[in-house]
file query-v3.cif (mmCIF, C-alpha atoms)
data_structure
#
loop_
_atom_site.label_atom_id
_atom_site.label_comp_id
_atom_site.auth_asym_id
_atom_site.auth_seq_id
_atom_site.Cartn_x
_atom_site.Cartn_y
_atom_site.Cartn_z
CA MET G 146 -2.40 -37.43 -5.34
CA PRO G 147 -1.00 -35.35 -8.22
CA GLN G 148 -3.22 -32.37 -7.24
CA ASP G 149 -1.81 -32.37 -3.72
CA GLU G 150 1.68 -32.33 -5.11
CA LYS G 151 0.89 -29.19 -7.10
CA ARG G 152 1.81 -26.18 -5.04
CA ASP G 153 0.35 -22.74 -5.53
CA PRO G 154 2.97 -20.88 -7.65
CA SER G 155 2.57 -17.70 -5.59
CA LEU G 156 3.22 -19.68 -2.39
CA ARG G 157 6.27 -21.23 -4.03
CA ILE G 158 7.62 -17.78 -4.95
CA LEU G 159 6.80 -16.44 -1.47
CA GLY G 160 8.75 -19.36 0.00
CA LEU G 161 11.57 -18.60 -2.41
CA MET G 162 11.53 -14.97 -1.31
CA PHE G 163 11.77 -15.84 2.38
CA GLY G 164 14.42 -18.44 1.57
CA THR G 165 16.52 -15.91 -0.29
CA LEU G 166 15.93 -13.42 2.55
CA ALA G 167 17.47 -15.95 4.92
CA VAL G 168 20.35 -16.50 2.48
CA TRP G 169 20.86 -12.75 2.26
CA ALA G 170 20.95 -12.43 6.06
CA ILE G 171 23.42 -15.32 6.37
CA THR G 172 25.71 -14.07 3.58
CA TYR G 173 25.59 -10.58 5.08
CA VAL G 174 26.67 -11.84 8.49
CA VAL G 175 29.38 -14.01 6.93
CA ALA G 176 30.65 -11.14 4.75
CA SER G 177 30.61 -8.71 7.70
CA ARG G 178 32.60 -11.12 9.86
CA MET G 179 35.09 -11.69 7.08
CA LEU G 180 35.50 -7.94 6.51
CA HIS G 181 35.97 -7.39 10.23
CA ARG G 182 39.43 -8.90 9.87
CA HIS G 183 41.26 -5.81 8.74
CA THR G 184 44.52 -7.65 8.33
CA ALA G 185 43.14 -10.12 5.81
CA SER G 186 44.38 -10.13 2.22
CA ALA G 187 42.72 -8.20 -0.62
CA ARG G 188 41.58 -11.47 -2.23
CA PHE G 189 39.91 -12.48 1.05
CA ARG G 190 38.11 -9.14 1.31
CA VAL G 191 37.00 -9.25 -2.34
CA THR G 192 35.57 -12.72 -1.68
CA ALA G 193 33.68 -11.35 1.33
CA VAL G 194 32.17 -8.56 -0.75
CA ILE G 195 31.15 -10.99 -3.51
CA ILE G 196 29.48 -13.32 -0.99
CA GLY G 197 27.53 -10.43 0.55
CA VAL G 198 26.47 -9.01 -2.83
CA LEU G 199 25.42 -12.40 -4.22
CA GLY G 200 23.09 -13.00 -1.28
CA PHE G 201 21.51 -9.62 -1.82
CA VAL G 202 21.13 -10.09 -5.58
CA LEU G 203 19.36 -13.43 -5.02
CA TRP G 204 16.83 -11.73 -2.75
CA GLN G 205 16.34 -8.92 -5.28
CA LEU G 206 15.67 -11.43 -8.07
CA ALA G 207 13.14 -13.33 -5.92
CA THR G 208 11.39 -10.07 -5.02
CA ALA G 209 11.25 -9.01 -8.67
CA LYS G 210 9.80 -12.40 -9.60
CA LEU G 211 7.18 -12.10 -6.86
CA ILE G 212 6.15 -8.63 -8.10
CA ARG G 213 5.95 -9.85 -11.71
CA MET G 214 3.60 -12.66 -10.67
CA HIS G 215 0.95 -10.22 -9.48
CA ASP G 216 -1.76 -8.65 -11.61
CA GLU G 217 -1.20 -5.29 -13.31
CA PHE G 218 -2.93 -3.38 -10.50
CA THR G 219 -0.59 -4.72 -7.79
CA ARG G 220 2.41 -4.21 -10.09
CA ARG G 221 1.35 -0.59 -10.44
CA ILE G 222 1.30 -0.16 -6.65
CA HIS G 223 4.81 -1.65 -6.47
CA LEU G 224 6.02 0.58 -9.31
CA ILE G 225 4.73 3.69 -7.54
CA ALA G 226 6.23 2.47 -4.24
CA LEU G 227 9.64 1.96 -5.87
CA ALA G 228 9.48 5.45 -7.42
CA VAL G 229 8.56 6.94 -4.02
CA ALA G 230 11.37 5.00 -2.32
CA PHE G 231 13.84 6.22 -4.95
CA ALA G 232 12.77 9.85 -4.54
CA ALA G 233 12.75 9.65 -0.72
CA THR G 234 16.21 8.07 -0.64
CA GLY G 235 17.52 10.69 -3.05
CA LEU G 236 16.11 13.42 -0.83
CA PHE G 237 17.59 11.78 2.28
CA ILE G 238 21.06 11.52 0.71
CA PHE G 239 20.96 15.07 -0.60
CA THR G 240 19.77 16.51 2.72
CA THR G 241 22.20 14.56 4.91
CA ASP G 242 25.07 15.52 2.58
CA LEU G 243 24.27 19.21 3.02
CA LEU G 244 23.72 18.80 6.78
CA GLN G 245 27.09 17.04 7.08
CA ARG G 246 28.88 19.76 5.14
CA ALA G 247 27.12 22.38 7.24
CA GLY G 248 28.48 20.68 10.34
CA PHE G 249 25.10 19.85 11.86
CA ILE G 250 25.41 16.08 11.77
CA ASP G 251 28.21 13.53 11.86
CA PHE G 252 28.94 10.64 9.53
CA ILE G 253 25.88 8.78 8.21
CA SER G 254 26.28 5.06 7.66
CA MET G 255 25.47 3.62 4.21
CA ARG G 256 23.30 1.09 6.05
CA SER G 257 21.05 3.86 7.34
CA ILE G 258 20.51 5.02 3.74
CA TRP G 259 19.51 1.50 2.79
CA LEU G 260 17.18 1.35 5.81
CA VAL G 261 15.50 4.60 4.75
CA MET G 262 14.96 3.14 1.26
CA LEU G 263 13.44 -0.08 2.66
CA CYS G 264 11.17 1.79 5.07
CA THR G 265 9.91 4.26 2.47
CA TRP G 266 9.36 1.42 0.00
CA TRP G 267 7.23 -0.45 2.55
CA LEU G 268 5.37 2.70 3.62
CA ALA G 269 4.69 3.60 0.00
CA ILE G 270 3.24 0.12 -0.65
CA MET G 271 0.95 0.58 2.38
CA GLY G 272 0.05 4.10 1.22
CA GLY G 273 -0.68 2.92 -2.32
CA GLU G 274 -2.91 0.11 -1.09
CA TRP G 275 -4.74 2.50 1.21
CA TYR G 276 -5.27 5.00 -1.64
CA TYR G 277 -6.70 2.47 -4.07
CA ARG G 278 -8.74 0.49 -1.56
CA ARG G 279 -10.35 3.26 0.49
CA MET T 110 -12.33 7.36 -17.39
CA LYS T 111 -15.91 6.30 -16.65
CA ASN T 112 -16.97 2.67 -16.75
CA LEU T 113 -20.07 0.51 -16.39
CA LEU T 114 -18.33 -2.27 -14.51
CA ARG T 115 -20.44 -2.06 -11.37
CA VAL T 116 -23.69 -2.06 -13.36
CA LEU T 117 -22.69 -4.97 -15.60
CA ARG T 118 -21.45 -6.94 -12.63
CA ALA T 119 -24.68 -6.32 -10.72
CA GLU T 120 -26.72 -7.47 -13.72
CA ARG T 121 -24.94 -10.81 -13.59
CA ASN T 122 -24.98 -10.97 -9.81
CA TRP T 123 -21.22 -11.37 -9.67
CA SER T 124 -19.15 -10.27 -6.71
CA GLN T 125 -15.98 -8.24 -7.24
CA ALA T 126 -13.97 -11.30 -6.29
CA GLU T 127 -15.79 -13.45 -8.84
CA LEU T 128 -15.23 -10.95 -11.64
CA GLY T 129 -11.61 -10.64 -10.56
CA MET T 130 -11.22 -14.40 -10.78
CA ARG T 131 -12.76 -14.48 -14.26
CA VAL T 132 -10.33 -11.87 -15.60
CA GLY T 133 -7.33 -12.92 -13.49
CA VAL T 134 -6.95 -9.97 -11.13
CA SER T 135 -7.59 -9.35 -7.43
CA ARG T 136 -10.86 -8.13 -5.90
CA GLN T 137 -9.02 -4.94 -4.95
CA ALA T 138 -8.18 -4.33 -8.61
CA ILE T 139 -11.84 -4.60 -9.61
CA ASN T 140 -12.81 -2.27 -6.76
CA ALA T 141 -10.19 0.29 -7.83
CA ILE T 142 -11.46 0.17 -11.43
CA GLU T 143 -15.09 0.53 -10.34
CA THR T 144 -14.34 3.52 -8.13
CA GLY T 145 -12.42 5.14 -10.99
CA ARG T 146 -9.12 5.27 -9.13
CA TYR T 147 -7.43 2.89 -11.51
CA ASP T 148 -7.72 2.66 -15.30
CA PRO T 149 -6.91 -0.84 -16.52
CA GLY T 150 -4.39 -1.55 -19.25
CA LEU T 151 -5.59 -2.65 -22.67
CA PRO T 152 -5.20 -6.43 -22.10
CA LEU T 153 -7.23 -6.28 -18.87
CA ALA T 154 -9.85 -4.00 -20.45
CA MET T 155 -10.21 -6.50 -23.31
CA LYS T 156 -10.53 -9.42 -20.88
CA ILE T 157 -13.25 -7.53 -18.99
CA ALA T 158 -15.04 -6.77 -22.26
CA ARG T 159 -14.81 -10.44 -23.23
CA VAL T 160 -16.38 -11.78 -20.02
CA PHE T 161 -19.26 -9.33 -20.40
CA GLU T 162 -19.50 -10.13 -24.15
CA LYS T 163 -19.22 -6.46 -25.02
CA LYS T 164 -16.78 -4.14 -26.75
CA VAL T 165 -14.25 -2.19 -24.68
CA ASP T 166 -15.92 1.05 -25.83
CA ASP T 167 -19.26 -0.15 -24.46
CA ILE T 168 -17.80 -0.49 -20.96
CA PHE T 169 -15.16 2.23 -20.75
CA GLU T 170 -15.71 5.82 -21.77
CA LEU T 171 -13.31 8.76 -21.85
CA GLU T 172 -14.23 11.82 -19.82
CA GLU T 173 -13.50 15.46 -20.66
CA LYS T 174 -10.57 15.59 -18.20
CA ASP T 175 -8.96 12.54 -19.88
#
call {"tool": "encode", "arguments": {"input": "query-v3.cif", "output": "structure tokens"}}
result
Amino acid sequence: MPQDEKRDPSLRILGLMFGTLAVWAITYVVASRMLHRHTASARFRVTAVIIGVLGFVLWQLATAKLIRMHDEFTRRIHLIALAVAFAATGLFIFTTDLLQRAGFIDFISMRSIWLVMLCTWWLAIMGGEWYYRR
Amino acid sequence: MKNLLRVLRAERNWSQAELGMRVGVSRQAINAIETGRYDPGLPLAMKIARVFEKKVDDIFELEEKD
């Protein structure tokens, strides 16, 4: 039946998002393993970086497409969440930089900065939904 | 901004989800507009006015604080 063949576009995009998330995870693991070989050539390491970045960009594009598919109200929640995540990450970087220079903490991994951004983004989405739906 | 969404919806016996479906937004969006926590953009306000066969001004009204 033609109607059965028609898939909900939001489900299709959600599938695309999870698919690109898997691609991102795979490319990240591949790139990390490639970069682990310190003796490898510069061309090899550049290739590893490109592979890792491409996987991430694909996921970003799918996420952006998913957000754009929503109505203006949900897009607003996402916009606020992204602004909150940006501000929180900025604050985290600024604070850890000063704490490092003050000698209170050791080296902070770039991955932890990214994790802070992801967590605050997610928390801000939850917070935004709670605010508008209470 | 004040609005008469809840009243107009009740007159037609529509649920928030039904109104949301008619104007292409979620039930949560309609709830947020009704409670005054969210002011819709112009295209959505015009769609809402169209389904109620009214002008935007008849449904949405600016308050002093706006």
call {"tool": "closest_atom_pairs", "arguments": {"input": "query-v3.cif", "of": "chain G", "to": "chain T", "cutoff": "6 Å", "atoms": "all atoms listed in the file", "output": "tab-separated table"}}
result
residue	atom	partner	partner_atom	distance
G:Asp216	CA	T:Val134	CA	5.4
G:Phe218	CA	T:Ala138	CA	5.7
G:Tyr277	CA	T:Ala141	CA	5.6
call {"tool": "write_last_selection", "arguments": {"input": "query-v3.cif", "atoms": "C-alpha atoms", "output": "CSV table (one decimal), in the frame of the given file"}}
result
chain,number,residue,atom,x,y,z
G,216,ASP,CA,-1.8,-8.6,-11.6
G,218,PHE,CA,-2.9,-3.4,-10.5
G,277,TYR,CA,-6.7,2.5,-4.1
call {"tool": "resolve_selection", "arguments": {"input": "query-v3.cif", "expression": "the PyMOL selection byres ((chain T and resi 118) around 12)", "output": "ChimeraX atom specification"}}
result
/T:112-117,119-129,131,139-140,143,157-158,160-161,168
call {"tool": "atom_distance", "arguments": {"input": "query-v3.cif", "atom1": "atom CA of Thr234 of chain G", "atom2": "atom CA of Met255 of chain G"}}
result
11.4 Å
call {"tool": "atom_distance", "arguments": {"input": "query-v3.cif", "atom1": "atom CA of Val194 of chain G", "atom2": "atom CA of Leu180 of chain G"}}
result
8.0 Å
call {"tool": "resolve_selection", "arguments": {"input": "query-v3.cif", "expression": "the PyMOL selection byres ((chain T and resi 166) around 12)", "output": "CSV table (one decimal) with C-alpha atoms, keeping the file's coordinate frame"}}
result
chain,number,residue,atom,x,y,z
T,110,MET,CA,-12.3,7.4,-17.4
T,111,LYS,CA,-15.9,6.3,-16.6
T,112,ASN,CA,-17.0,2.7,-16.8
T,113,LEU,CA,-20.1,0.5,-16.4
T,151,LEU,CA,-5.6,-2.6,-22.7
T,154,ALA,CA,-9.8,-4.0,-20.4
T,155,MET,CA,-10.2,-6.5,-23.3
T,157,ILE,CA,-13.2,-7.5,-19.0
T,158,ALA,CA,-15.0,-6.8,-22.3
T,159,ARG,CA,-14.8,-10.4,-23.2
T,162,GLU,CA,-19.5,-10.1,-24.2
T,163,LYS,CA,-19.2,-6.5,-25.0
T,164,LYS,CA,-16.8,-4.1,-26.8
T,165,VAL,CA,-14.2,-2.2,-24.7
T,167,ASP,CA,-19.3,-0.2,-24.5
T,168,ILE,CA,-17.8,-0.5,-21.0
T,169,PHE,CA,-15.2,2.2,-20.8
T,170,GLU,CA,-15.7,5.8,-21.8
T,171,LEU,CA,-13.3,8.8,-21.8
call {"tool": "closest_residue", "arguments": {"input": "query-v3.cif", "among": "G:Arg220, G:Trp169, G:Leu227, G:His215", "to": "Phe201 of chain G", "atoms": "all atoms listed in the file"}}
result
G:Trp169
call {"tool": "resolve_selection", "arguments": {"input": "query-v3.cif", "expression": "the PyMOL selection byres ((chain G and resi 269) around 9)", "output": "JSON, numbers by chain"}}
result
{"G": [222, 223, 225, 226, 227, 229, 230, 264, 265, 266, 267, 268, 270, 271, 272, 273, 274]}
call {"tool": "atom_distance", "arguments": {"input": "query-v3.cif", "atom1": "atom CA of Ser177 of chain G", "atom2": "atom CA of Leu206 of chain G"}}
result
21.9 Å
call {"tool": "axis_aligned_box", "arguments": {"input": "query-v3.cif", "around": "segment 252-268 of chain G", "padding_each_side": "6 Å", "output": "lines of an AutoDock Vina configuration file"}}
result
center_x = 17.2
center_y = 5.1
center_z = 4.8
size_x = 35.6
size_y = 23.1
size_z = 21.5
call {"tool": "residues_around", "arguments": {"input": "query-v3.cif", "residues": "Thr208 of chain G", "least_positions_apart": "2", "cutoff": "9 Å", "atoms": "all atoms listed in the file", "output": "list in words"}}
result
Ile158, Leu159, Leu161, Met162, Leu203, Trp204, Gln205, Leu206, Lys210, Leu211, Ile212 and Arg213 of chain G
call {"tool": "decode", "arguments": {"input": "query-v3.cif", "residues": "segment 122-154 of chain T", "atoms": "N, CA and C atoms", "output": "mmCIF file, in the first residue's frame"}}
result
data_model
loop_
_atom_site.group_PDB
_atom_site.id
_atom_site.type_symbol
_atom_site.label_atom_id
_atom_site.label_comp_id
_atom_site.auth_asym_id
_atom_site.auth_seq_id
_atom_site.Cartn_x
_atom_site.Cartn_y
_atom_site.Cartn_z
ATOM 1 N N ASN T 122 -15.491 23.825 21.511
ATOM 2 C CA ASN T 122 -15.323 22.495 22.113
ATOM 3 C C ASN T 122 -14.098 21.745 21.566
ATOM 4 N N TRP T 123 -13.051 22.517 21.286
ATOM 5 C CA TRP T 123 -11.827 21.910 20.777
ATOM 6 C C TRP T 123 -10.863 21.677 21.930
ATOM 7 N N SER T 124 -10.135 20.600 21.855
ATOM 8 C CA SER T 124 -9.069 20.382 22.849
ATOM 9 C C SER T 124 -7.828 21.175 22.393
ATOM 10 N N GLN T 125 -6.873 21.297 23.292
ATOM 11 C CA GLN T 125 -5.622 21.985 22.923
ATOM 12 C C GLN T 125 -4.931 21.235 21.786
ATOM 13 N N ALA T 126 -4.995 19.912 21.872
ATOM 14 C CA ALA T 126 -4.342 19.095 20.832
ATOM 15 C C ALA T 126 -5.017 19.303 19.479
ATOM 16 N N GLU T 127 -6.343 19.413 19.500
ATOM 17 C CA GLU T 127 -7.067 19.597 18.238
ATOM 18 C C GLU T 127 -6.746 20.954 17.611
ATOM 19 N N LEU T 128 -6.729 21.986 18.445
ATOM 20 C CA LEU T 128 -6.370 23.309 17.928
ATOM 21 C C LEU T 128 -4.934 23.295 17.405
ATOM 22 N N GLY T 129 -4.059 22.642 18.171
ATOM 23 C CA GLY T 129 -2.663 22.536 17.742
ATOM 24 C C GLY T 129 -2.545 21.880 16.383
ATOM 25 N N MET T 130 -3.337 20.827 16.180
ATOM 26 C CA MET T 130 -3.306 20.119 14.902
ATOM 27 C C MET T 130 -3.799 21.020 13.761
ATOM 28 N N ARG T 131 -4.819 21.813 14.061
ATOM 29 C CA ARG T 131 -5.384 22.694 13.024
ATOM 30 C C ARG T 131 -4.406 23.794 12.589
ATOM 31 N N VAL T 132 -3.570 24.239 13.528
ATOM 32 C CA VAL T 132 -2.632 25.316 13.174
ATOM 33 C C VAL T 132 -1.197 24.807 13.008
ATOM 34 N N GLY T 133 -0.996 23.503 13.188
ATOM 35 C CA GLY T 133 0.312 22.896 12.924
ATOM 36 C C GLY T 133 1.345 23.062 14.015
ATOM 37 N N VAL T 134 0.877 23.113 15.280
ATOM 38 C CA VAL T 134 1.841 23.149 16.394
ATOM 39 C C VAL T 134 1.445 22.100 17.432
ATOM 40 N N SER T 135 2.297 21.926 18.442
ATOM 41 C CA SER T 135 2.030 20.906 19.465
ATOM 42 C C SER T 135 0.989 21.398 20.477
ATOM 43 N N ARG T 136 0.446 20.445 21.240
ATOM 44 C CA ARG T 136 -0.496 20.800 22.310
ATOM 45 C C ARG T 136 0.204 21.689 23.340
ATOM 46 N N GLN T 137 1.478 21.399 23.585
ATOM 47 C CA GLN T 137 2.248 22.169 24.556
ATOM 48 C C GLN T 137 2.366 23.641 24.126
ATOM 49 N N ALA T 138 2.476 23.840 22.814
ATOM 50 C CA ALA T 138 2.578 25.216 22.301
ATOM 51 C C ALA T 138 1.282 25.975 22.580
ATOM 52 N N ILE T 139 0.156 25.319 22.332
ATOM 53 C CA ILE T 139 -1.143 25.966 22.579
ATOM 54 C C ILE T 139 -1.295 26.271 24.067
ATOM 55 N N ASN T 140 -0.898 25.318 24.902
ATOM 56 C CA ASN T 140 -0.975 25.521 26.357
ATOM 57 C C ASN T 140 -0.114 26.712 26.784
ATOM 58 N N ALA T 141 1.096 26.801 26.232
ATOM 59 C CA ALA T 141 2.006 27.897 26.594
ATOM 60 C C ALA T 141 1.435 29.247 26.153
ATOM 61 N N ILE T 142 0.759 29.265 25.001
ATOM 62 C CA ILE T 142 0.146 30.518 24.530
ATOM 63 C C ILE T 142 -1.030 30.885 25.447
ATOM 64 N N GLU T 143 -1.842 29.901 25.767
ATOM 65 C CA GLU T 143 -3.022 30.162 26.605
ATOM 66 C C GLU T 143 -2.640 30.673 27.995
ATOM 67 N N THR T 144 -1.571 30.122 28.538
ATOM 68 C CA THR T 144 -1.155 30.540 29.884
ATOM 69 C C THR T 144 -0.346 31.846 29.848
ATOM 70 N N GLY T 145 -0.089 32.352 28.658
ATOM 71 C CA GLY T 145 0.607 33.624 28.525
ATOM 72 C C GLY T 145 2.108 33.537 28.658
ATOM 73 N N ARG T 146 2.636 32.313 28.689
ATOM 74 C CA ARG T 146 4.090 32.169 28.828
ATOM 75 C C ARG T 146 4.804 32.303 27.488
ATOM 76 N N TYR T 147 4.061 32.132 26.432
ATOM 77 C CA TYR T 147 4.672 32.205 25.105
ATOM 78 C C TYR T 147 3.791 33.034 24.172
ATOM 79 N N ASP T 148 4.397 34.032 23.535
ATOM 80 C CA ASP T 148 3.691 34.837 22.536
ATOM 81 C C ASP T 148 4.041 34.289 21.159
ATOM 82 N N PRO T 149 3.032 33.896 20.389
ATOM 83 C CA PRO T 149 3.339 33.299 19.077
ATOM 84 C C PRO T 149 3.895 34.329 18.100
ATOM 85 N N GLY T 150 4.611 33.819 17.101
ATOM 86 C CA GLY T 150 5.083 34.676 16.018
ATOM 87 C C GLY T 150 3.912 35.062 15.127
ATOM 88 N N LEU T 151 4.160 35.999 14.224
ATOM 89 C CA LEU T 151 3.071 36.497 13.370
ATOM 90 C C LEU T 151 2.425 35.403 12.505
ATOM 91 N N PRO T 152 3.209 34.526 11.859
ATOM 92 C CA PRO T 152 2.554 33.488 11.034
ATOM 93 C C PRO T 152 1.625 32.599 11.857
ATOM 94 N N LEU T 153 2.067 32.209 13.058
ATOM 95 C CA LEU T 153 1.218 31.343 13.897
ATOM 96 C C LEU T 153 -0.011 32.113 14.388
ATOM 97 N N ALA T 154 0.189 33.367 14.777
ATOM 98 C CA ALA T 154 -0.948 34.189 15.224
ATOM 99 C C ALA T 154 -1.983 34.313 14.106
#
